[in-house]
Amino acid sequence: MNDKIIINYIRQNNRIHKGIVFLFVLTSVMSCNLFKTKEKFEKRPNVILFLVDDLGWQDTSVPFWIDTTRNNKVYQTPNMERLASKGMKFTQAYAHSVCSPSRVSLMTGMNPARHRVTNWTLEENTKRDVELRHPTLVFPDWNVNGISPQKGIANSIYAKALPKILSDNGYRTIHCGKAHFGAIGTLAENPTNIGFDVNIAGHAAGAPASYFGEDSFGTEKNKIWGVPGLEKYHHTETHLSEALTLEAISAMNQSLDDKQPFFLYMSHYAVHTPLQGDSRFVDKYIQTGMDDIEANYASMIEGVDKSLGDLLLFLEEKQIVNNTIILLMSDNGGLCNTPPRGGIPFKHNAPLSSGKSSAREGGIRVPMIVSWPGQIKMNTTNDAQLIIEDFFPTILSIGQCESFEIPQVVDGESFLRYLKDPLADNQQRELIWHYPNDNGNPEGHGFGAYSAIRKGDWKLIYYHKDSSFELFNLKNDIGESNNLINSEPQLATELAGRLSDYLIKVEAQMPRRKKDQKLVAWPKETLAI
């Protein structure tokens with residue numbers, strides 16, 4: 001007997017008050033809607049975004065180039081290999097050259113030229129010391145406070161972040177590890193203020209004071225850089241990467257108990273400095289003859305890979321592998337300076353040039369793997385050119401988030417179509433980088449304030465300090481060793497125009513020259529001189 005027949009029967013026999021009839025109808029409708037909502041949520045895939053800090057393009061045994069490199073043979077990442085074999089690896093995926101700009105782009109879908117969090121954040125309303133000491137440039141008042149969920153907060157970008165939209169659409173949103181979304185004392189210092197339902201060990205700092213549980217992850221000696229919220233592992237022989245993994249698994253398990261789809265932002269502090277070895281793996285690298293620094297680094301990479309393996313094992317044990325998508329990415333290129341790295345400086349990301357903080361490929365090209373059983377053809381390679389702000393619209397599409405309002409303009413483009421079709425073409429797309437800042441790195445090697453554009457096989461870099469240019473054909477010269485700026489003037493002019501047009505459109509900030517306080521000219525204006 002359906003609800004309509006029951007209600008008519010009750011009315012005809014006048015056995016119940018009209019208010020109870022109304023309550024019965026309301027309860028029935030609510031139950032029906034809740035069932036439909038629950039059914040819809042259960043069909044949504046769980047999402048794990050596995051972000052590794054400072055992981056270089058070649059810091060894995062998975063080859064992302066046409067050839068296997070030395071690094072692919074040195075580093076042992078069997079779980080990344082496994083993930084790639086079950087999904088799709090992207091050979092031309094990009095982030096921005098330092099951490100906070102990439103992370104804010106990931107959370108908002110905006111390019112740094114637009115959101116203006118163009119360098120790494122820490123102290124409220126404070127630029128980096130090295131920027132204040134620059135000999136020839138005065139750097140703009142960029143958004144040093146990071147993201148803000150509230151409008152009108154000084155030196156911040158007002159935006160609705162990815163986890164907030166996912167949470168509003170039924171996901172349990174879990175933050176685990178490095179946050180670095182907002183300065184100390186701002187709302188975004190705590191990830192729960194930008195939409196995460198759960199925050200594990202995330203705060204304002206972009207690196208740990210210590211990776212060692214024996215040192216309480218630095219909390220007892222360093223209030224700014226010590227990693228919060230992991231007291232149960234203090235004074236134990238637990239590496240930070242392992243502690244984060246255990247906590248992430250616990251949080252996912254709670255979501256399953258609550259029958260709620262989850263978005264896990266597994267944001268490892270590793271392999272950022274300090275380079276402190278993971279005791280589970282470091283000895284075998286030392287035994288190969290590596291110096292201690294590089295052995296520590298290799299063990300930290302393997303520790304992150306072990307974390308990935310542990311998450312995969314959890315998904316298998318809970319039988320939710322087929323309803324979980326995993327996206328692996330890095331927030332910028334690998335560290336290449338010595339110290340703190342060992343070995344030969346600026347060669348750590350070969351065949352790419354330079355590394356973290358640089359406009360060269362070693363600073364911005366990163367490893368990327370996506371696994372989605374039943375949706376992605378296994379063991380495929382995709383050469384599409386993507387950038388980290390693309391994750392914002394892509395994950396919202398995956399999560400079936402159809403109705404939401406946001407205050408920001410999104411620059412990212414969904415790469416969902418490339419997951420379905422590895423041969424889908426995007427070679428005419430323009431990728432933009434903008435870094436009107438400085439990190440105090442040595443001269444050359446692509447360091448310093450810059451703006452850059454990639455279109456097809458070509459990449460143009462414009463350096464703010466001296467208004468110089470570099471033009472490379474990345475298809476023929478992945479190591480960026482042959483500057484073609486003088487031999488391809490027409491192409492350089494076209495790219496400079498496209499780069500300038502975008503920067504002008506988003507009102508990008510530029511440095512001033514100390515000698516005359518004039519703004520650094522747009523790229524197209526410089527080439528026209």
# chains A, B, ... in the order shown; residues from 1 in each chain; ligands from 1
>>> closest_atom_pairs(of="range 141-177 of chain A", to="range 388-411 of chain A", cutoff="10 Å", atoms="only C-alpha atoms", output="JSON lines")
{"residue": "A:Lys151", "atom": "CA", "partner": "A:Pro407", "partner_atom": "CA", "distance": 9.4}
{"residue": "A:Ile157", "atom": "CA", "partner": "A:Gln408", "partner_atom": "CA", "distance": 8.8}
{"residue": "A:Tyr158", "atom": "CA", "partner": "A:Pro407", "partner_atom": "CA", "distance": 7.4}
{"residue": "A:Ala159", "atom": "CA", "partner": "A:Gln408", "partner_atom": "CA", "distance": 5.5}
{"residue": "A:Lys160", "atom": "CA", "partner": "A:Ile406", "partner_atom": "CA", "distance": 5.6}
{"residue": "A:Ala161", "atom": "CA", "partner": "A:Ile406", "partner_atom": "CA", "distance": 8.6}
{"residue": "A:Leu162", "atom": "CA", "partner": "A:Phe392", "partner_atom": "CA", "distance": 6.3}
{"residue": "A:Pro163", "atom": "CA", "partner": "A:Leu396", "partner_atom": "CA", "distance": 9.5}
{"residue": "A:Ile165", "atom": "CA", "partner": "A:Phe404", "partner_atom": "CA", "distance": 7.0}
{"residue": "A:Leu166", "atom": "CA", "partner": "A:Cys401", "partner_atom": "CA", "distance": 7.0}
{"residue": "A:Ser167", "atom": "CA", "partner": "A:Cys401", "partner_atom": "CA", "distance": 9.9}
{"residue": "A:Asp168", "atom": "CA", "partner": "A:Phe404", "partner_atom": "CA", "distance": 8.6}
{"residue": "A:Asn169", "atom": "CA", "partner": "A:Cys401", "partner_atom": "CA", "distance": 6.2}
{"residue": "A:Gly170", "atom": "CA", "partner": "A:Cys401", "partner_atom": "CA", "distance": 9.1}
{"residue": "A:Tyr171", "atom": "CA", "partner": "A:Gly399", "partner_atom": "CA", "distance": 8.3}
>>> residues_around(residues="Pro261 in chain A", least_positions_apart="6", cutoff="12 Å", atoms="only C-alpha atoms", output="ChimeraX atom specification")
/A:37-48,166-167,169-174,251-255,320,323-325,399-400
>>> write_last_selection(atoms="C-alpha atoms", output="PDB file, in the first residue's frame")
ATOM      1  CA  THR A  37      20.705  12.011  -1.399  1.00  0.00           C
ATOM      2  CA  LYS A  38      22.410   9.072   0.301  1.00  0.00           C
ATOM      3  CA  GLU A  39      22.205   7.046  -2.900  1.00  0.00           C
ATOM      4  CA  LYS A  40      23.734   9.933  -4.852  1.00  0.00           C
ATOM      5  CA  PHE A  41      26.551  10.344  -2.314  1.00  0.00           C
ATOM      6  CA  GLU A  42      27.325   6.638  -2.326  1.00  0.00           C
ATOM      7  CA  LYS A  43      27.782   6.719  -6.095  1.00  0.00           C
ATOM      8  CA  ARG A  44      30.259   9.546  -5.852  1.00  0.00           C
ATOM      9  CA  PRO A  45      33.894   8.465  -5.889  1.00  0.00           C
ATOM     10  CA  ASN A  46      36.157   9.025  -2.943  1.00  0.00           C
ATOM     11  CA  VAL A  47      39.004  11.346  -3.914  1.00  0.00           C
ATOM     12  CA  ILE A  48      42.591  11.208  -2.668  1.00  0.00           C
ATOM     13  CA  LEU A 166      33.124  19.626  -1.669  1.00  0.00           C
ATOM     14  CA  SER A 167      31.950  19.739   1.952  1.00  0.00           C
ATOM     15  CA  ASN A 169      28.148  18.937  -1.579  1.00  0.00           C
ATOM     16  CA  GLY A 170      28.275  16.030   0.833  1.00  0.00           C
ATOM     17  CA  TYR A 171      31.949  15.088   1.094  1.00  0.00           C
ATOM     18  CA  ARG A 172      33.890  14.596   4.313  1.00  0.00           C
ATOM     19  CA  THR A 173      36.924  16.787   3.614  1.00  0.00           C
ATOM     20  CA  ILE A 174      40.140  15.689   5.325  1.00  0.00           C
ATOM     21  CA  ALA A 251      40.168   9.640   9.240  1.00  0.00           C
ATOM     22  CA  MET A 252      39.188   7.738   6.084  1.00  0.00           C
ATOM     23  CA  ASN A 253      37.958   4.856   8.187  1.00  0.00           C
ATOM     24  CA  GLN A 254      35.722   7.224  10.149  1.00  0.00           C
ATOM     25  CA  SER A 255      34.209   8.485   6.909  1.00  0.00           C
ATOM     26  CA  ILE A 320      36.638   0.678  -2.120  1.00  0.00           C
ATOM     27  CA  ASN A 323      35.207   3.806  -6.162  1.00  0.00           C
ATOM     28  CA  THR A 324      38.276   5.894  -5.349  1.00  0.00           C
ATOM     29  CA  ILE A 325      40.280   8.160  -7.621  1.00  0.00           C
ATOM     30  CA  GLY A 399      32.725  14.997  -7.199  1.00  0.00           C
ATOM     31  CA  GLN A 400      29.610  15.908  -9.215  1.00  0.00           C
TER      32      GLN A 400
END
>>> atom_distance(atom1="CA of Glu494 in chain A", atom2="CA of Ala95 in chain A")
23.7 Å
>>> residues_around(residues="range 229-242 of chain A", least_positions_apart="4", cutoff="8 Å", atoms="only C-alpha atoms", output="list in words")
Ile200, Ala201, Tyr211, Phe212, Gly213, Glu214, Asp215, Ser216, Phe217, Leu246, His268, Tyr269, Ala270, Asp278, Ser279, Gly303, Val304 and Ser307 of chain A
>>> write_last_selection(atoms="C-alpha atoms", output="PDB file, in the first residue's frame")
ATOM      1  CA  ILE A 200      45.580  16.780  10.799  1.00  0.00           C
ATOM      2  CA  ALA A 201      48.887  18.579  11.421  1.00  0.00           C
ATOM      3  CA  TYR A 211      60.633  14.911  10.890  1.00  0.00           C
ATOM      4  CA  PHE A 212      61.429  12.852  13.967  1.00  0.00           C
ATOM      5  CA  GLY A 213      58.905  11.705  16.537  1.00  0.00           C
ATOM      6  CA  GLU A 214      61.794  11.522  18.998  1.00  0.00           C
ATOM      7  CA  ASP A 215      62.007  15.323  18.672  1.00  0.00           C
ATOM      8  CA  SER A 216      58.212  15.735  18.938  1.00  0.00           C
ATOM      9  CA  PHE A 217      58.369  17.001  15.335  1.00  0.00           C
ATOM     10  CA  LEU A 246      48.375   6.486  10.120  1.00  0.00           C
ATOM     11  CA  HIS A 268      53.117  15.411   2.802  1.00  0.00           C
ATOM     12  CA  TYR A 269      55.713  17.714   4.340  1.00  0.00           C
ATOM     13  CA  ALA A 270      58.363  15.505   2.758  1.00  0.00           C
ATOM     14  CA  ASP A 278      63.536   7.949   7.203  1.00  0.00           C
ATOM     15  CA  SER A 279      65.142   5.232   9.366  1.00  0.00           C
ATOM     16  CA  GLY A 303      58.916   7.002   2.894  1.00  0.00           C
ATOM     17  CA  VAL A 304      56.365   8.992   0.910  1.00  0.00           C
ATOM     18  CA  SER A 307      52.634   6.115   2.522  1.00  0.00           C
TER      19      SER A 307
END
>>> select_by_dssp(residues="range 186-283 of chain A", states="alpha helix (DSSP H)", output="list in words")
Leu240, Ser241, Glu242, Ala243, Leu244, Thr245, Leu246, Glu247, Ala248, Ile249, Ser250, Ala251, Met252, Asn253, Gln254, Ser255, Leu256, Asp257, Val282 and Asp283 of chain A
>>> residues_around(residues="Asn143 in chain A", least_positions_apart="6", cutoff="10 Å", atoms="only C-alpha atoms", output="count of residues only")
18
>>> closest_atom_pairs(of="range 41-140 of chain A", to="range 378-381 of chain A", cutoff="8 Å", atoms="only C-alpha atoms", output="Markdown table")
| residue | atom | partner | partner_atom | distance |
| --- | --- | --- | --- | --- |
| A:Ala84 | CA | A:Asn379 | CA | 6.0 |
| A:Ser85 | CA | A:Asn379 | CA | 4.2 |
| A:Lys86 | CA | A:Met378 | CA | 4.6 |
| A:Gly87 | CA | A:Met378 | CA | 4.5 |
| A:Met88 | CA | A:Thr380 | CA | 4.7 |
| A:Lys89 | CA | A:Thr381 | CA | 5.0 |
| A:Phe90 | CA | A:Thr381 | CA | 6.0 |
| A:Thr91 | CA | A:Thr381 | CA | 7.3 |
>>> write_last_selection(atoms="N, CA and C atoms", output="JSON list (two decimals), in the first residue's frame")
[["chain", "number", "residue", "atom", "x", "y", "z"],
["A", 84, "ALA", "N", 50.97, 4.07, -11.47],
["A", 84, "ALA", "CA", 51.05, 4.39, -12.89],
["A", 84, "ALA", "C", 50.58, 3.23, -13.76],
["A", 85, "SER", "N", 50.90, 2.00, -13.34],
["A", 85, "SER", "CA", 50.49, 0.83, -14.12],
["A", 85, "SER", "C", 48.98, 0.64, -14.12],
["A", 86, "LYS", "N", 48.33, 1.16, -13.09],
["A", 86, "LYS", "CA", 46.88, 1.03, -12.99],
["A", 86, "LYS", "C", 46.14, 2.26, -13.51],
["A", 87, "GLY", "N", 46.89, 3.27, -13.94],
["A", 87, "GLY", "CA", 46.23, 4.50, -14.36],
["A", 87, "GLY", "C", 46.99, 5.21, -15.46],
["A", 88, "MET", "N", 47.11, 6.52, -15.34],
["A", 88, "MET", "CA", 47.67, 7.37, -16.39],
["A", 88, "MET", "C", 48.73, 8.29, -15.80],
["A", 89, "LYS", "N", 49.88, 8.35, -16.45],
["A", 89, "LYS", "CA", 50.90, 9.31, -16.03],
["A", 89, "LYS", "C", 50.93, 10.45, -17.05],
["A", 90, "PHE", "N", 51.11, 11.66, -16.52],
["A", 90, "PHE", "CA", 51.18, 12.86, -17.34],
["A", 90, "PHE", "C", 52.62, 13.34, -17.40],
["A", 91, "THR", "N", 53.15, 13.48, -18.59],
["A", 91, "THR", "CA", 54.57, 13.82, -18.76],
["A", 91, "THR", "C", 54.83, 15.32, -18.77]]
>>> residues_around(residues="range 471-479 of chain A", least_positions_apart="5", cutoff="6 Å", atoms="only C-alpha atoms", output="PyMOL selection string")
chain A and resi 351-353+457-460+484-485
>>> write_last_selection(atoms="N, CA and C atoms", output="PDB file, in the first residue's frame")
ATOM      1  N   PRO A 351      67.024  15.373 -16.896  1.00  0.00           N
ATOM      2  CA  PRO A 351      67.510  16.265 -17.958  1.00  0.00           C
ATOM      3  C   PRO A 351      66.972  17.682 -17.903  1.00  0.00           C
ATOM      4  N   LEU A 352      66.109  18.006 -16.926  1.00  0.00           N
ATOM      5  CA  LEU A 352      65.589  19.359 -16.826  1.00  0.00           C
ATOM      6  C   LEU A 352      66.638  20.292 -16.242  1.00  0.00           C
ATOM      7  N   SER A 353      66.510  21.558 -16.565  1.00  0.00           N
ATOM      8  CA  SER A 353      67.428  22.576 -16.081  1.00  0.00           C
ATOM      9  C   SER A 353      66.953  23.136 -14.746  1.00  0.00           C
ATOM     10  N   ASP A 457      55.127  23.782 -28.187  1.00  0.00           N
ATOM     11  CA  ASP A 457      56.489  23.351 -27.839  1.00  0.00           C
ATOM     12  C   ASP A 457      57.360  24.499 -27.356  1.00  0.00           C
ATOM     13  N   TRP A 458      56.832  25.731 -27.389  1.00  0.00           N
ATOM     14  CA  TRP A 458      57.656  26.903 -27.137  1.00  0.00           C
ATOM     15  C   TRP A 458      57.404  27.501 -25.757  1.00  0.00           C
ATOM     16  N   LYS A 459      58.475  27.995 -25.170  1.00  0.00           N
ATOM     17  CA  LYS A 459      58.405  28.619 -23.847  1.00  0.00           C
ATOM     18  C   LYS A 459      59.252  29.882 -23.843  1.00  0.00           C
ATOM     19  N   LEU A 460      58.619  30.981 -23.399  1.00  0.00           N
ATOM     20  CA  LEU A 460      59.290  32.270 -23.300  1.00  0.00           C
ATOM     21  C   LEU A 460      59.367  32.678 -21.840  1.00  0.00           C
ATOM     22  N   LEU A 484      66.827  30.773 -28.127  1.00  0.00           N
ATOM     23  CA  LEU A 484      66.536  31.128 -29.514  1.00  0.00           C
ATOM     24  C   LEU A 484      65.923  32.516 -29.654  1.00  0.00           C
ATOM     25  N   ILE A 485      66.104  33.363 -28.649  1.00  0.00           N
ATOM     26  CA  ILE A 485      65.445  34.664 -28.654  1.00  0.00           C
ATOM     27  C   ILE A 485      65.864  35.511 -29.856  1.00  0.00           C
TER      28      ILE A 485
END
>>> residues_around(residues="Pro345 in chain A", least_positions_apart="3", cutoff="7 Å", atoms="only C-alpha atoms", output="list in words")
Cys336, Asn337 and Thr338 of chain A
>>> residues_around(residues="Leu275 in chain A", least_positions_apart="2", cutoff="9 Å", atoms="only C-alpha atoms", output="JSON, numbers by chain")
{"A": [211, 270, 271, 272, 273, 277, 293, 294, 296, 297, 300, 340, 341]}
>>> atom_distance(atom1="CA of Asp292 in chain A", atom2="CA of Gly343 in chain A")
10.5 Å
>>> closest_residue(among="A:Lys306, A:Arg365, A:Arg82, A:Lys164", to="Val62 in chain A", atoms="only C-alpha atoms")
A:Arg82
>>> closest_residue(among="A:Ser61, A:Asn426, A:Asn437, A:Gln150", to="His134 in chain A", atoms="only C-alpha atoms")
A:Asn437
>>> closest_residue(among="A:Arg70, A:His180, A:Lys284, A:Lys356", to="Leu55 in chain A", atoms="only C-alpha atoms")
A:Lys356
